[in-house]
Amino acid sequence: MTVAASAFELGKKAVNIYYNRINTRPAMEMSQLLGKVFGKKFKAVQLKNADFKNPGIYIGFEAPGVKYTLPADKKEFVATHADESKVFIWGNDKENLKGTLFAVADFLEKYAGVRFLWPGELGTVAEKRKPVKIKNGLDLYIPPFDLRLTSSFHYGSRNRTVQENLNLDNWLNHQKVGKSIRAHRGSGFQHAFEDLMPREVYGKEHPEYYALVSPEKWIGEPKPDKPTRLSDPTMPGPWQLCTSNPDVRRIIAEKLAAAKSDGIQSISPNDGYGFCECANCKAQDGLDAKRHGRYFALTNRMYNFAEDIAKQVKKLNPKAKVGMFAYSFYDGVPDGKIEFPGNMYLSYCYMVYDAKDKAAEDEINNKILGLAASGAKVIGREYWGTHYTMEYPLSHSRKIDRNIKTLRKGNAAGIYGETGASFGPRATDLYILAKLSWNPDLKREDILMDFCISAFGNDAAPVMFEMFEKIEDHVEKGFAVDPYLACPNYKFYGNSYSKNNYVMARIFDHNFTKMCNDYFHKAAKLVKTPAQKARLQYIKNGVNFARVTSDALCAYQDLAAIGLNMPLTMPSNLNIPMEKNAVLKVVNDALKAYNEKEFYINRYSLDSNIGRARRSNAINLRPWGTLAEIARIDIISEKFNYLVNGAFEYSSYSWDVKALKGNAGAAFVTSANCDADNNYMVTSHALQGISLELSMDKDAVAEIKQLRPIAAKENMEARFRMFVKSASGDPAKYLKVRFGEQTFDMVTVVDESRANGDWYELRSQVLPVAPGTYEFRIEVSNPAGLFGGDSLTLNFDELRLRLKSVNRITK
């Protein structure tokens with residue numbers, strides 16, 4: 001670019017920065033940073049009237065006489081206009097927009113070489129440089145996305161200090177995170193059925209407004225014995241509306257139109273399960289019904305619902321906007337033709353990091369283009385990684401780049417999603433994400449190299465660039481493995497959260513740490529300044545957090561393998577006899593790994609922005625450390641359950657069920673459940689509340705056998721308890737519970753709290769156990785004529801076997 005000799009030369013001499021009152025903050029920051037970069041004094045002066053006679057930099061004032069035109073549907077822009085003595089920097093500050101704030105950040109990057117790599121002073125790079133000539137005339141940029149990363153970095157905010165949250169807010173402003181489209185309430189796409197049609201208001205008089213749910217798909221206890229409407233506010237678990245009901249559609253449309261708002265209003269279903277199984281709703285599913293197997297495939301019905309409401313709203317209030325997630329069971333492109341009337345916004349939810357190959361990635365990107373063809377304005381809602389990716393260095397900026405460019409191709413309205421502020425492990429991904437959201441036409445590789453040069457200097461930059469690319473190669477290769485091969489117990493617990501945790505713990509192993517540390521060692525010899533050295537250590541601390549995280553996750557997976565019900569955690573391949581000292585070692589190893597991770601967080605959290613997703617330890621989310629401590633107490637107090645997977649939450653893991661005589665079949669079902677496990681994340685995003693259902697013809701004999709041997713090293717006493725659902729009276733008459741060659745004497749306990757649903761509690765008498773290794777099994781018989789002679793169905797749940805030392809009892 002040829003710059004006129006008379007152009008404004010930034011940094012050649014001290015000039016004043018003139019600003020209006022609403023732009024005090026960016027003016028003060030510009031004064032400080034320009035002074036640091038050019039070694040001159042840039043005094044900030046508030047200008048109370050539009051008097052532009054003095055040379056200098058004018059912030060928040062439109063250059064006089066300059067003409068420009070914005071597209072009719074665009075509100076945001078940043079502008080710079082220069083002549084030989086003045087520079088004007090401005091943007092649209094109306095309607096709570098941050099145009100001038102963004103324009104200043106853009107100017108500092110473009111002309112002063114300032115970089116905002118991550119939040120805080122260390123991440124701000126303002127190196128000394130020579131004066132820079134600014135081309136005369138107007139430089140105008142209009143961002144293609146109307147929504148960019150808003151509400152995307154909030155995870156972990158409660159665990160951050162006030163200063164950390166302030167630093168994050170400043171970084172988001174420097175990266176021009178913002179929006180020119182607004183929501184009437186919330187995000188405009190939030191789960192909304194509960195607000196739109198609360199059961200307390202409509203449920204009693206109009207149960208038909210609410211989903212009809214079968215016992216098989218009912219979440220929570222007690223379960224009904226026939227399909228039931230989820231209309232009672234006291235009913236447990238997630239619930240939905242009957243979306244095919246015309247009155248439901250009418251009521252929602254009238255509410256949205258009556259709001260007299262041009263902000264996006266959500267009609268998204270509630271989170272989780274509980275979708276309607278009535279004939280009308282199921283008839284709308286069509287071909288899509290096959291996609292999710294026996295659970296749900298709701299794309300066709302949900303777009304039928306959304307299209308109808310959008311058209312009704314358009315007639316009632318042409319200015320109103322409708323928003324809905326394209327999410328979970330309804331994240332596809334509908335089979336039939338959908339024509340939204342121009343007021344519909346679809347927030348398509350996806351994870352590109354989880355795409356194991358090009359075909360899977362193409363499927364995501366093709367859905368974006370397919371949804372855009374419906375006439376809706378698509379907004380990408382990504383899951384770049386937060387508490388559920390455990391703050392790993394989950395580099396996948398190549399996929400982010402391709403995805404954002406697809407959104408651009410589909411004329412998407414924006415991109416936002418879920419991530420945290422774990423900049424130590426994720427600095428490059430989050431920086432590239434922010435840059436591409438502002439300008440999707442940038443080249444990813446150029447952004448990454450610019451990051452490396454800015455952070456570590458010219459000499460170390462190639463080494464660090466190569467390291468970040470190697471990390472990305474490593475992550476892509478790890479996720480490309482078929483989950484059934486990567487996760488040996490995926491068949492027992494096949495949800496994506498547990499699968500990803502299992503895969504990530506093996507991607508980010510000690511070999512990964514060694515590879516990265518070799519690069520850090522090379523780069524440490526090449527960085528020059530104290531700031532570059534500190535930034536290198538910042539990234540090193542973040543990346544090495546993967547080691548303690550993987551150690552902890554592997555230890556939690558071992559806990560699942562010895563029988564603990566660990567939410568969203570797949571059992572490892574650990575296979576040991578269930579003996580007190582052996583299981584105590586596994587538990588102690590898990591507690592050690594947990595404590596080492598906590599120690600690492602406490603040591604480095606402020607230095608490298610890690611550990612801010614600690615809500616992952618919350619009891620209703622991922623209470624793994626807490627469960628390990630409870631298990632340790634249970635073992636010491638001899639209350640530990642030595643039956644692996646006794647609640648069958650991992651389906652058939654560690655159990656063998658077979659017919660010994662006649663016809664008998666087993667299934668692991670959600671239609672009946674009798675354990676107390678109720679984890680929010682599992683309820684909303686996986687399966688929970690499973691029991692073993694055994695169905696037998698008359699004369700049949702079946703066996704339920706625990707595959708893990710149970711060992712005693714001293715004389716002990718065994719006690720056993722379980723819950724059995726039976727519609728044929730006391731189930732004890734069908735059962736023989738054996739421990740080795742001995743048989744438990746079972747007593748049926750009347751428990752009024754469990755009486756609903758024909759559940760019976762069975763407890764054993766004390767059984768003396770000598771040192772040795774034992775096999776646990778239950779023999780179930782349905783002799784012809786003895787108890788009615790017909791077929792028999794029993795459900796088993798919450799099987800618990802405890803061993804108590806005789807010596808301890810004596811003492």
# chains A, B, ... in the order shown; residues from 1 in each chain; ligands from 1
>>> residues_around(residues="range 301-315 of chain A", least_positions_apart="2", cutoff="8 Å", atoms="only C-alpha atoms", output="JSON, numbers by chain")
{"A": [243, 244, 249, 250, 252, 253, 254, 256, 257, 267, 281, 282, 284, 285, 298, 299, 317, 318, 319, 320, 321, 322, 324, 330, 334, 338, 339, 340, 341, 343, 344]}
>>> residues_around(residues="range 791-796 of chain A", least_positions_apart="4", cutoff="8 Å", atoms="only C-alpha atoms", output="compact mmCIF listing (two decimals) with all heavy atoms, in the first residue's frame")
# COMPACT_ATOMS: atom_id res chain seq x y z
N ALA A 672 -38.80 -48.78 34.88
CA ALA A 672 -38.94 -49.07 36.31
C ALA A 672 -37.58 -48.84 36.96
O ALA A 672 -36.55 -49.24 36.43
CB ALA A 672 -39.40 -50.51 36.54
N SER A 691 -33.18 -50.30 35.62
CA SER A 691 -33.28 -51.55 36.38
C SER A 691 -33.14 -52.73 35.43
O SER A 691 -33.31 -52.59 34.21
CB SER A 691 -34.62 -51.63 37.13
OG SER A 691 -35.70 -51.75 36.23
N LEU A 692 -32.83 -53.88 36.00
CA LEU A 692 -32.77 -55.12 35.23
C LEU A 692 -34.16 -55.75 35.21
O LEU A 692 -34.73 -56.05 36.27
CB LEU A 692 -31.76 -56.09 35.86
CG LEU A 692 -31.84 -57.55 35.40
CD1 LEU A 692 -31.58 -57.66 33.91
CD2 LEU A 692 -30.87 -58.42 36.19
N GLU A 693 -34.72 -55.91 34.03
CA GLU A 693 -36.03 -56.52 33.89
C GLU A 693 -35.87 -57.93 33.35
O GLU A 693 -35.30 -58.15 32.28
CB GLU A 693 -36.90 -55.69 32.95
CG GLU A 693 -38.35 -56.21 32.83
CD GLU A 693 -39.23 -55.23 32.12
OE1 GLU A 693 -39.69 -54.26 32.76
OE2 GLU A 693 -39.44 -55.42 30.90
N LEU A 694 -36.38 -58.90 34.08
CA LEU A 694 -36.29 -60.31 33.72
C LEU A 694 -37.68 -60.84 33.41
O LEU A 694 -38.58 -60.76 34.26
CB LEU A 694 -35.66 -61.11 34.86
CG LEU A 694 -35.38 -62.59 34.62
CD1 LEU A 694 -34.34 -62.77 33.50
CD2 LEU A 694 -34.89 -63.26 35.89
N SER A 695 -37.89 -61.35 32.20
CA SER A 695 -39.18 -61.90 31.79
C SER A 695 -39.02 -63.39 31.53
O SER A 695 -38.11 -63.81 30.81
CB SER A 695 -39.68 -61.19 30.51
OG SER A 695 -39.82 -59.81 30.73
N MET A 696 -39.92 -64.19 32.10
CA MET A 696 -39.77 -65.64 32.05
C MET A 696 -41.09 -66.31 31.72
O MET A 696 -42.16 -65.92 32.20
CB MET A 696 -39.27 -66.16 33.41
CG MET A 696 -38.01 -65.48 33.91
SD MET A 696 -37.61 -65.97 35.61
CE MET A 696 -37.26 -67.72 35.37
N ASP A 697 -41.01 -67.33 30.88
CA ASP A 697 -42.17 -68.19 30.66
C ASP A 697 -42.32 -69.13 31.84
O ASP A 697 -41.40 -69.29 32.67
CB ASP A 697 -42.00 -69.00 29.38
CG ASP A 697 -42.09 -68.12 28.14
OD1 ASP A 697 -42.55 -66.96 28.27
OD2 ASP A 697 -41.68 -68.58 27.06
N LYS A 698 -43.47 -69.81 31.92
CA LYS A 698 -43.63 -70.77 33.00
C LYS A 698 -42.65 -71.93 32.80
O LYS A 698 -42.26 -72.28 31.67
CB LYS A 698 -45.06 -71.29 33.05
CG LYS A 698 -45.55 -72.03 31.81
CD LYS A 698 -46.98 -72.46 32.00
CE LYS A 698 -47.50 -73.20 30.77
NZ LYS A 698 -48.89 -73.64 30.94
N MET A 722 -31.72 -56.02 48.37
CA MET A 722 -32.08 -55.61 47.01
C MET A 722 -33.55 -55.20 46.98
O MET A 722 -34.32 -55.47 47.90
CB MET A 722 -31.84 -56.74 46.01
CG MET A 722 -32.72 -57.96 46.18
SD MET A 722 -32.38 -59.19 44.88
CE MET A 722 -33.28 -60.60 45.53
N PHE A 723 -33.93 -54.55 45.87
CA PHE A 723 -35.32 -54.20 45.62
C PHE A 723 -35.78 -54.93 44.36
O PHE A 723 -35.06 -54.98 43.36
CB PHE A 723 -35.49 -52.69 45.45
CG PHE A 723 -35.28 -51.92 46.72
CD1 PHE A 723 -34.03 -51.45 47.07
CD2 PHE A 723 -36.34 -51.71 47.59
CE1 PHE A 723 -33.83 -50.76 48.24
CE2 PHE A 723 -36.15 -51.02 48.77
CZ PHE A 723 -34.89 -50.53 49.11
N VAL A 724 -36.96 -55.51 44.44
CA VAL A 724 -37.52 -56.27 43.33
C VAL A 724 -38.95 -55.80 43.09
O VAL A 724 -39.76 -55.72 44.01
CB VAL A 724 -37.51 -57.79 43.61
CG1 VAL A 724 -38.05 -58.55 42.40
CG2 VAL A 724 -36.12 -58.27 43.98
N LYS A 725 -39.24 -55.49 41.84
CA LYS A 725 -40.61 -55.13 41.47
C LYS A 725 -41.32 -56.37 40.96
O LYS A 725 -40.83 -57.06 40.06
CB LYS A 725 -40.60 -54.05 40.38
CG LYS A 725 -42.00 -53.60 39.96
CD LYS A 725 -41.93 -52.51 38.90
CE LYS A 725 -43.34 -52.06 38.52
NZ LYS A 725 -43.33 -51.01 37.49
N SER A 726 -42.49 -56.63 41.53
CA SER A 726 -43.24 -57.84 41.16
C SER A 726 -44.72 -57.54 41.18
O SER A 726 -45.23 -56.98 42.16
CB SER A 726 -42.92 -58.97 42.13
OG SER A 726 -43.81 -60.05 41.95
N ALA A 727 -45.39 -57.90 40.10
CA ALA A 727 -46.85 -57.80 40.07
C ALA A 727 -47.49 -59.11 40.49
O ALA A 727 -48.71 -59.26 40.45
CB ALA A 727 -47.32 -57.42 38.67
N SER A 728 -46.65 -60.07 40.89
CA SER A 728 -47.13 -61.42 41.25
C SER A 728 -46.91 -61.72 42.72
O SER A 728 -46.66 -62.86 43.11
CB SER A 728 -46.41 -62.46 40.39
OG SER A 728 -46.56 -62.19 39.02
N PRO A 731 -41.78 -61.37 45.85
CA PRO A 731 -40.86 -62.01 44.91
C PRO A 731 -39.90 -63.01 45.56
O PRO A 731 -39.25 -63.77 44.85
CB PRO A 731 -40.09 -60.83 44.33
CG PRO A 731 -40.12 -59.79 45.41
CD PRO A 731 -41.45 -59.96 46.08
N ASN A 782 -39.65 -70.01 37.88
CA ASN A 782 -41.08 -69.79 37.68
C ASN A 782 -41.75 -71.13 37.42
O ASN A 782 -42.20 -71.44 36.32
CB ASN A 782 -41.31 -68.84 36.50
CG ASN A 782 -42.79 -68.51 36.33
OD1 ASN A 782 -43.56 -68.54 37.28
ND2 ASN A 782 -43.17 -68.18 35.09
>>> residues_around(residues="Glu596 in chain A", least_positions_apart="4", cutoff="12 Å", atoms="only C-alpha atoms", output="count of residues only")
17
>>> closest_residue(among="A:Asp699, A:Glu164, A:Glu741, A:Glu476", to="Ser605 in chain A", atoms="only C-alpha atoms")
A:Glu164
>>> residues_around(residues="range 142-158 of chain A", least_positions_apart="2", cutoff="9 Å", atoms="only C-alpha atoms", output="ChimeraX atom specification")
/A:70,74-79,140,160-161,164-165,168,172,176-182,187,379,386-387,408,411-421,433-434,437-440,611-615
>>> residues_around(residues="Glu703 in chain A", least_positions_apart="2", cutoff="9 Å", atoms="only C-alpha atoms", output="PyMOL selection string")
chain A and resi 656-660+701+705+777-781
>>> atom_distance(atom1="CA of Gly99 in chain A", atom2="CA of Thr428 in chain A")
25.5 Å
>>> closest_residue(among="A:Arg115, A:Arg535, A:Lys585, A:Lys514", to="Asp607 in chain A", atoms="only C-alpha atoms")
A:Arg535
>>> atom_distance(atom1="CA of Tyr490 in chain A", atom2="CA of Phe776 in chain A")
24.6 Å
>>> residues_around(residues="Val125 in chain A", least_positions_apart="6", cutoff="7 Å", atoms="only C-alpha atoms", output="list in words")
Val114, Arg115, Phe116 and Ser454 of chain A
>>> write_last_selection(atoms="all heavy atoms", output="PDB file, in the first residue's frame")
ATOM      1  N   VAL A 114      -0.687  -3.330  18.859  1.00  0.00           N
ATOM      2  CA  VAL A 114      -1.089  -3.869  20.171  1.00  0.00           C
ATOM      3  C   VAL A 114      -1.840  -5.179  19.958  1.00  0.00           C
ATOM      4  O   VAL A 114      -2.621  -5.333  19.011  1.00  0.00           O
ATOM      5  CB  VAL A 114      -1.975  -2.850  20.922  1.00  0.00           C
ATOM      6  CG1 VAL A 114      -2.454  -3.432  22.256  1.00  0.00           C
ATOM      7  CG2 VAL A 114      -1.205  -1.556  21.155  1.00  0.00           C
ATOM      8  N   ARG A 115      -1.588  -6.124  20.824  1.00  0.00           N
ATOM      9  CA  ARG A 115      -2.297  -7.402  20.777  1.00  0.00           C
ATOM     10  C   ARG A 115      -2.880  -7.713  22.149  1.00  0.00           C
ATOM     11  O   ARG A 115      -2.225  -7.509  23.179  1.00  0.00           O
ATOM     12  CB  ARG A 115      -1.366  -8.544  20.352  1.00  0.00           C
ATOM     13  CG  ARG A 115      -0.842  -8.427  18.934  1.00  0.00           C
ATOM     14  CD  ARG A 115      -1.956  -8.583  17.917  1.00  0.00           C
ATOM     15  NE  ARG A 115      -1.472  -8.507  16.548  1.00  0.00           N
ATOM     16  CZ  ARG A 115      -1.421  -7.389  15.830  1.00  0.00           C
ATOM     17  NH1 ARG A 115      -1.803  -6.221  16.361  1.00  0.00           N
ATOM     18  NH2 ARG A 115      -0.980  -7.417  14.584  1.00  0.00           N
ATOM     19  N   PHE A 116      -4.095  -8.208  22.136  1.00  0.00           N
ATOM     20  CA  PHE A 116      -4.779  -8.625  23.362  1.00  0.00           C
ATOM     21  C   PHE A 116      -4.929 -10.146  23.292  1.00  0.00           C
ATOM     22  O   PHE A 116      -5.957 -10.664  22.845  1.00  0.00           O
ATOM     23  CB  PHE A 116      -6.129  -7.916  23.473  1.00  0.00           C
ATOM     24  CG  PHE A 116      -6.022  -6.411  23.380  1.00  0.00           C
ATOM     25  CD1 PHE A 116      -6.328  -5.742  22.198  1.00  0.00           C
ATOM     26  CD2 PHE A 116      -5.613  -5.662  24.475  1.00  0.00           C
ATOM     27  CE1 PHE A 116      -6.231  -4.365  22.095  1.00  0.00           C
ATOM     28  CE2 PHE A 116      -5.511  -4.276  24.391  1.00  0.00           C
ATOM     29  CZ  PHE A 116      -5.816  -3.624  23.196  1.00  0.00           C
ATOM     30  N   SER A 454       3.715 -12.392  18.649  1.00  0.00           N
ATOM     31  CA  SER A 454       3.372 -11.391  19.664  1.00  0.00           C
ATOM     32  C   SER A 454       3.682 -11.887  21.073  1.00  0.00           C
ATOM     33  O   SER A 454       4.181 -11.131  21.909  1.00  0.00           O
ATOM     34  CB  SER A 454       1.888 -11.022  19.556  1.00  0.00           C
ATOM     35  OG  SER A 454       1.577 -10.519  18.274  1.00  0.00           O
TER      36      SER A 454
END
>>> atom_distance(atom1="CA of Glu29 in chain A", atom2="CA of Lys67 in chain A")
28.4 Å
>>> residues_around(residues="Phe720 in chain A", least_positions_apart="4", cutoff="7 Å", atoms="only C-alpha atoms", output="list of chain:residue names")
A:Arg763, A:Ser764, A:Arg800, A:Leu801, A:Arg802
>>> write_last_selection(atoms="N, CA, C and O atoms", output="tab-separated table (two decimals), in the first residue's frame")
chain	number	residue	atom	x	y	z
A	763	ARG	N	-34.21	-58.35	52.30
A	763	ARG	CA	-32.97	-58.31	53.07
A	763	ARG	C	-32.63	-59.72	53.54
A	763	ARG	O	-33.51	-60.52	53.83
A	764	SER	N	-31.33	-59.95	53.63
A	764	SER	CA	-30.90	-61.30	54.03
A	764	SER	C	-30.61	-61.36	55.52
A	764	SER	O	-30.37	-60.34	56.17
A	800	ARG	N	-27.16	-54.67	46.94
A	800	ARG	CA	-26.03	-54.28	47.79
A	800	ARG	C	-25.58	-55.46	48.64
A	800	ARG	O	-26.38	-56.10	49.32
A	801	LEU	N	-24.28	-55.73	48.58
A	801	LEU	CA	-23.67	-56.79	49.38
A	801	LEU	C	-22.59	-56.17	50.26
A	801	LEU	O	-21.64	-55.55	49.74
A	802	ARG	N	-22.72	-56.35	51.56
A	802	ARG	CA	-21.75	-55.80	52.50
A	802	ARG	C	-21.04	-56.92	53.24
A	802	ARG	O	-21.65	-57.96	53.55
>>> closest_residue(among="A:Met566, A:Ile59, A:Val806, A:Val333", to="Leu627 in chain A", atoms="only C-alpha atoms")
A:Met566
>>> closest_residue(among="A:Ile368, A:Ala14, A:Val463, A:Ala103", to="Tyr350 in chain A", atoms="only C-alpha atoms")
A:Ile368
>>> select_by_dssp(residues="range 211-431 of chain A", states="strand (DSSP E or B)", output="JSON, numbers by chain")
{"A": [212, 213, 228, 229, 241, 264, 265, 266, 268, 321, 322, 323, 324, 325, 326, 344, 345, 346, 347, 348, 349, 350, 377, 378, 379, 380, 381, 382, 383, 384, 385, 414, 415, 416, 417, 418, 419]}
>>> write_last_selection(atoms="N, CA and C atoms", output="short mmCIF file (atom, residue, chain, number, x, y, z; two decimals), in the first residue's frame")
data_model
loop_
_atom_site.label_atom_id
_atom_site.label_comp_id
_atom_site.auth_asym_id
_atom_site.auth_seq_id
_atom_site.Cartn_x
_atom_site.Cartn_y
_atom_site.Cartn_z
N LEU A 212 -47.52 -36.51 26.41
CA LEU A 212 -47.94 -37.85 26.82
C LEU A 212 -46.69 -38.73 26.79
N VAL A 213 -46.33 -39.29 27.94
CA VAL A 213 -45.05 -40.01 28.06
C VAL A 213 -45.31 -41.41 28.59
N THR A 228 -48.87 -41.30 30.37
CA THR A 228 -49.46 -40.28 31.23
C THR A 228 -49.02 -38.89 30.78
N ARG A 229 -49.92 -37.92 30.88
CA ARG A 229 -49.60 -36.54 30.54
C ARG A 229 -48.77 -35.92 31.68
N LEU A 241 -44.10 -29.90 26.15
CA LEU A 241 -45.47 -29.66 25.71
C LEU A 241 -45.86 -30.63 24.61
N ILE A 264 -35.71 -11.14 19.89
CA ILE A 264 -35.98 -12.56 19.65
C ILE A 264 -36.62 -13.17 20.89
N GLN A 265 -37.72 -13.91 20.68
CA GLN A 265 -38.41 -14.59 21.78
C GLN A 265 -38.36 -16.09 21.56
N SER A 266 -37.94 -16.80 22.58
CA SER A 266 -37.68 -18.23 22.44
C SER A 266 -38.94 -19.08 22.54
N SER A 268 -38.06 -22.54 22.45
CA SER A 268 -37.32 -23.79 22.58
C SER A 268 -37.91 -24.69 23.66
N LYS A 321 -39.98 -11.31 16.53
CA LYS A 321 -39.02 -12.32 16.08
C LYS A 321 -39.13 -13.55 16.97
N VAL A 322 -38.97 -14.73 16.36
CA VAL A 322 -39.11 -16.00 17.04
C VAL A 322 -37.77 -16.71 17.02
N GLY A 323 -37.39 -17.32 18.13
CA GLY A 323 -36.13 -18.05 18.20
C GLY A 323 -36.32 -19.45 18.73
N MET A 324 -35.52 -20.40 18.24
CA MET A 324 -35.58 -21.78 18.75
C MET A 324 -34.21 -22.43 18.56
N PHE A 325 -33.84 -23.24 19.54
CA PHE A 325 -32.67 -24.08 19.38
C PHE A 325 -32.93 -25.11 18.28
N ALA A 326 -31.90 -25.42 17.50
CA ALA A 326 -31.88 -26.63 16.68
C ALA A 326 -30.89 -27.54 17.41
N MET A 344 -37.83 -15.85 11.76
CA MET A 344 -37.38 -17.01 12.55
C MET A 344 -35.87 -17.04 12.64
N TYR A 345 -35.38 -17.22 13.87
CA TYR A 345 -33.95 -17.40 14.12
C TYR A 345 -33.73 -18.79 14.72
N LEU A 346 -32.84 -19.53 14.11
CA LEU A 346 -32.53 -20.88 14.59
C LEU A 346 -31.12 -20.90 15.17
N SER A 347 -31.03 -21.31 16.40
CA SER A 347 -29.73 -21.43 17.06
C SER A 347 -29.30 -22.89 17.00
N TYR A 348 -28.51 -23.21 15.99
CA TYR A 348 -28.10 -24.60 15.74
C TYR A 348 -26.95 -24.98 16.67
N CYS A 349 -27.17 -26.02 17.45
CA CYS A 349 -26.22 -26.44 18.49
C CYS A 349 -25.39 -27.63 17.99
N TYR A 350 -24.09 -27.55 18.16
CA TYR A 350 -23.22 -28.61 17.65
C TYR A 350 -21.85 -28.51 18.31
N LYS A 377 -32.93 -17.39 9.83
CA LYS A 377 -31.60 -16.83 10.06
C LYS A 377 -30.90 -17.75 11.06
N VAL A 378 -29.82 -18.36 10.61
CA VAL A 378 -29.12 -19.34 11.44
C VAL A 378 -28.07 -18.63 12.30
N ILE A 379 -28.01 -19.03 13.54
CA ILE A 379 -26.94 -18.59 14.44
C ILE A 379 -26.28 -19.83 14.99
N GLY A 380 -24.99 -19.96 14.77
CA GLY A 380 -24.27 -21.13 15.28
C GLY A 380 -24.15 -21.06 16.79
N ARG A 381 -24.46 -22.17 17.44
CA ARG A 381 -24.26 -22.27 18.90
C ARG A 381 -23.33 -23.44 19.16
N GLU A 382 -22.07 -23.12 19.36
CA GLU A 382 -21.03 -24.13 19.49
C GLU A 382 -20.77 -24.49 20.95
N TYR A 383 -20.19 -25.67 21.13
CA TYR A 383 -19.72 -26.11 22.45
C TYR A 383 -18.20 -26.28 22.34
N TRP A 384 -17.47 -25.15 22.46
CA TRP A 384 -16.02 -25.21 22.26
C TRP A 384 -15.31 -25.87 23.42
N GLY A 385 -16.01 -26.03 24.52
CA GLY A 385 -15.40 -26.70 25.66
C GLY A 385 -15.43 -25.85 26.90
N GLY A 414 -24.89 -15.06 13.09
CA GLY A 414 -23.87 -14.95 14.12
C GLY A 414 -23.39 -16.28 14.63
N ILE A 415 -22.55 -16.19 15.67
CA ILE A 415 -21.96 -17.36 16.30
C ILE A 415 -21.78 -17.06 17.79
N TYR A 416 -22.21 -17.98 18.64
CA TYR A 416 -21.97 -17.90 20.08
C TYR A 416 -21.94 -19.32 20.60
N GLY A 417 -21.82 -19.49 21.90
CA GLY A 417 -21.79 -20.85 22.39
C GLY A 417 -21.37 -20.94 23.83
N GLU A 418 -20.70 -22.04 24.15
CA GLU A 418 -20.28 -22.29 25.52
C GLU A 418 -18.78 -22.54 25.55
N THR A 419 -18.11 -21.73 26.31
CA THR A 419 -16.72 -21.99 26.64
C THR A 419 -16.46 -21.32 27.97
#
>>> closest_residue(among="A:Ala561, A:Met235, A:Val66, A:Val587", to="Asp83 in chain A", atoms="only C-alpha atoms")
A:Val66
>>> closest_residue(among="A:Ala427, A:Ile400, A:Ala628, A:Cys276", to="Tyr594 in chain A", atoms="only C-alpha atoms")
A:Ala628
>>> select_by_dssp(residues="range 124-215 of chain A", states="helix (DSSP H, G or I)", output="MDAnalysis selection string")
chainID A and resid 157:159 162:174 193:196 199:202 207:209 215
